[in-house]
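A.B. asks: Below: one structure in structure tokens.
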Amino acid sequence: MYKVYCRAFQRVMKIASSFIPWREPELLEGEDSLKKLPSLFTQCKIESILIVTDKVIVLVGLIDDFLNDLRNEGIKYVVYDKTVPNPTVENVEEAYQMYVSNNCTGIVAFGGGSPMDCAKGVGARAARPNKSIHQMKGLFKVLKKIPPLFAIPTTAGTGSEATLAAVISNNTTHEKYVIMDPSIIPHFAVLNPLLIVNLPRHITAATGIDALTHAIEAYIGRSNTKETKKYSLEATKLIFENLYESYLNGTNIQARKNIQKAAYLAGMAFTRAYVGNVHAIAHTLGGFYSVPHGLANAIILPYVLEYYGAAVHKSLSELADIVGIGDPTDTDELKATKFIESINMLNKKMEIPNKISEIINTDIPVMVERALKEANPLYPVPKIFNKEDLFRLYQLLKD
């Protein structure tokens, strides 16, 4: 009965999603895309901007040219740079108070997935000032217009510049709050490859497989559509063709552009088709051990795909076809196996580990409960896991 309930819930959600007013971000692409923003702020009559970022981005000067352009255009701004990996409720509240006290009317997310999630949280708080982040976790708890949100990714993985999701951590309970609402989809997304040219190899690797995870989970799930399948296929192809080159040669602008576009497309796919058990497990590892989200997804992905078994053979064989893996005479099962092995090989070449040493046995029961609660009934996964399934997966992942 439990699985019947989950599937019924997912069918209803899929039908309902066709009536949701999805907002597709206005896309600014190319090496000069960042310079278009100050005049765009002026056109939008935004006089004061809150910029949500982190200390590393400020320290390395990645944001300096953008701030100079704002000053030259006469745009007032304040910078919140305390965002941590797996941003916390405290991050959101501090940034929101800065937004209010400085009379800001727009928000810029400048960074990877963490600043973007934090900025979305600020947008949600601005839209619903009488609601806490805890009260907005889950589906459709905002449902009100947020201030103009401009997303500037400095990694190529999360796809957060295109999604309706924000993940916020509670340091006290080690819980992650997933806020999912079309209101928090950014209004503008800026894809500038120059911002990721000097991205360290380990971040390039983890965020690239993070994007691949988004594309795959959207594709193999049961809520995909013709449009999301198209996004997933294109993203998967771009990642297989460009990620390792980006890893080896970060100054290859075209490869960087392609990976940025892949991350965006994968974000477009999963914001409508959802993710799955890989993410449910990854969020617990981030909450308990602060494992970076992209790295967690990269390690977990092959294990979950293999565990799904026959439920994903056909869809993975289709992904194998699009990237040229396997022979035409191969069975779906064989092509799926080869596809999973190709992910393992790519991970290995990019020095991504295949185990998570932080996992503690006594934490597993709580993580199982939280992953199960996140995944079911919401995620339209190809195979619904129970407690025993998740327990086995945590044991497989444990070093």
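Going through the structure tokens in order, the chains are called A, B, and so on, while each chain numbers its residues from 1 and the ligands are numbered from 1 in the order shown.
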Taking only segment 2-182 of chain A into account, list the residues labelled strand (DSSP E or B) by DSSP (computed from the backbone), as a PyMOL selection string.
C.D. replies: chain A and resi 26-29+48-52+54+76-80+82+88+106-111+138-139+149-153+165-170+175-180
A.B. asks: Ala211 of chain A: which residues within 9 Å, counting only C-alpha atoms, same-chain residues fewer than 6 positions away excluded, as a PyMOL selection string?
C.D. replies: chain A and resi 156-159+235-236+239+259+262-267+294
A.B. asks: What lies within 7 Å of segment 337-353 of chain A using only C-alpha atoms, ignoring chain neighbours under 5 positions off, as a PyMOL selection string?
C.D. replies: chain A and resi 205+299+302+316+320+325-326
A.B. asks: Identify which of the residues A:Ala311, A:Ala165, A:Val197, A:Cys44 lies closest to Gly106 of chain A, counting only C-alpha atoms when measuring atom-to-atom distances.
C.D. replies: A:Cys44
A.B. asks: Atom CA of Leu50 of chain A to atom CA of Phe188 of chain A: how many Å, to one decimal?
C.D. replies: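 According to the coordinates, atom CA of Leu50 of chain A and atom CA of Phe188 of chain A are separated by 15.0 Å.
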A.B. asks: Show which residues sit within 8 Å of Phe41 of chain A, as a list in words. Count only C-alpha atoms, and ignore same-chain residues fewer than 5 positions away.
C.D. replies: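 Neighbouring residues, sequence-local ones excluded: Ile46, Glu47 and Ile75 of chain A.
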A.B. asks: Mind dumping the selected residues with C-alpha atoms as a compact mmCIF listing (two decimals), in the first residue's frame?
C.D. replies:
```txt
# COMPACT_ATOMS: atom_id res chain seq x y z
CA ILE A 46 16.69 48.67 -8.85
CA GLU A 47 18.68 51.19 -6.81
CA ILE A 75 24.09 51.21 -8.21
```
A.B. asks: Sorted by chain and rising residue number, which residues of segment 248-276 of chain A lie within 7 Å of segment 355-379 of chain A, and what are their closest atom pairs and distances in Å to one decimal, counting only C-alpha atoms, as a tab-separated table?
C.D. replies:
```
residue	atom	partner	partner_atom	distance
A:Tyr274	CA	A:Tyr379	CA	6.3
A:Val275	CA	A:Tyr379	CA	6.3
A:Gly276	CA	A:Tyr379	CA	5.4
```
A.B. asks: Okay, now the selection with C-alpha atoms, as a CSV table (one decimal), in the first residue's frame?
C.D. replies:
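Output file again.csv follows:
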```csv
chain,number,residue,atom,x,y,z
A,274,TYR,CA,12.6,16.3,-9.9
A,275,VAL,CA,15.6,14.4,-8.6
A,276,GLY,CA,15.7,11.1,-6.7
```
A.B. asks: Here is a test: counting only C-alpha atoms, which residue of A:Ala119, A:Tyr5, A:Gln97, A:Leu37 is nearest to Ile51 of chain A?
C.D. replies: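 Of A:Ala119, A:Tyr5, A:Gln97, A:Leu37, the one nearest Ile51 of chain A, counting only C-alpha atoms, is A:Ala119.
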A.B. asks: Which residue, A:Asp32, A:Asp117, A:Glu234, A:Asp210, has the smallest gap to Ala298 of chain A when you use only C-alpha atoms?
C.D. replies: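 Residue with the minimum atom-to-atom distance to Ala298 of chain A: A:Asp210.
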A.B. asks: What are the DSSP helix (DSSP H, G or I) residues of segment 118-292 of chain A, as an MDAnalysis selection string?
C.D. replies: chainID A and resid 118:127 134:136 160:162 182:184 193:196 201:220 226:248 253:273 277:289
A.B. asks: With a distance cut-off of 6 Å and only C-alpha atoms, select the neighbouring residues of Gly287 of chain A, excluding the residue or stretch itself and same-chain residues fewer than 5 positions from it, and output the selection as a VMD selection string.
C.D. replies: chain A and resid 174 to 176
A.B. asks: Quick one: distance from atom CA of Arg256 of chain A to atom CA of Ile209 of chain A in Å, one decimal?
C.D. replies: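 Computing the Euclidean distance for atom CA of Arg256 of chain A and atom CA of Ile209 of chain A yields 14.1 Å.
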A.B. asks: Need to verify the contact set: Ile300 of chain A, 10 Å, only C-alpha atoms, exclusion of same-chain residues closer than 6 positions in sequence. Can you return it as a VMD selection string?
C.D. replies: chain A and resid 213 277 to 279 281 to 282 294 354 to 356 393 to 394 396 to 397
A.B. asks: Write out as a list of chain:residue names the residues lying within 10 Å of Lys237 of chain A, counting only C-alpha atoms and excluding same-chain residues fewer than 2 positions away.
C.D. replies: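 With the cut-off at 10 Å, the set is A:Leu212, A:Ser232, A:Leu233, A:Glu234, A:Ala235, A:Ile239, A:Phe240, A:Glu241, A:Asn242, A:Asn258, A:Ala262, A:Leu319, A:Ala320, A:Asp321, A:Ile322, A:Val323, A:Gly324.
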A.B. asks: As an exercise, work out the distance from atom CA of Ser317 of chain A to atom CA of Thr155 of chain A in Å and give it to one decimal place.
C.D. replies: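 So the answer is 28.7 Å.
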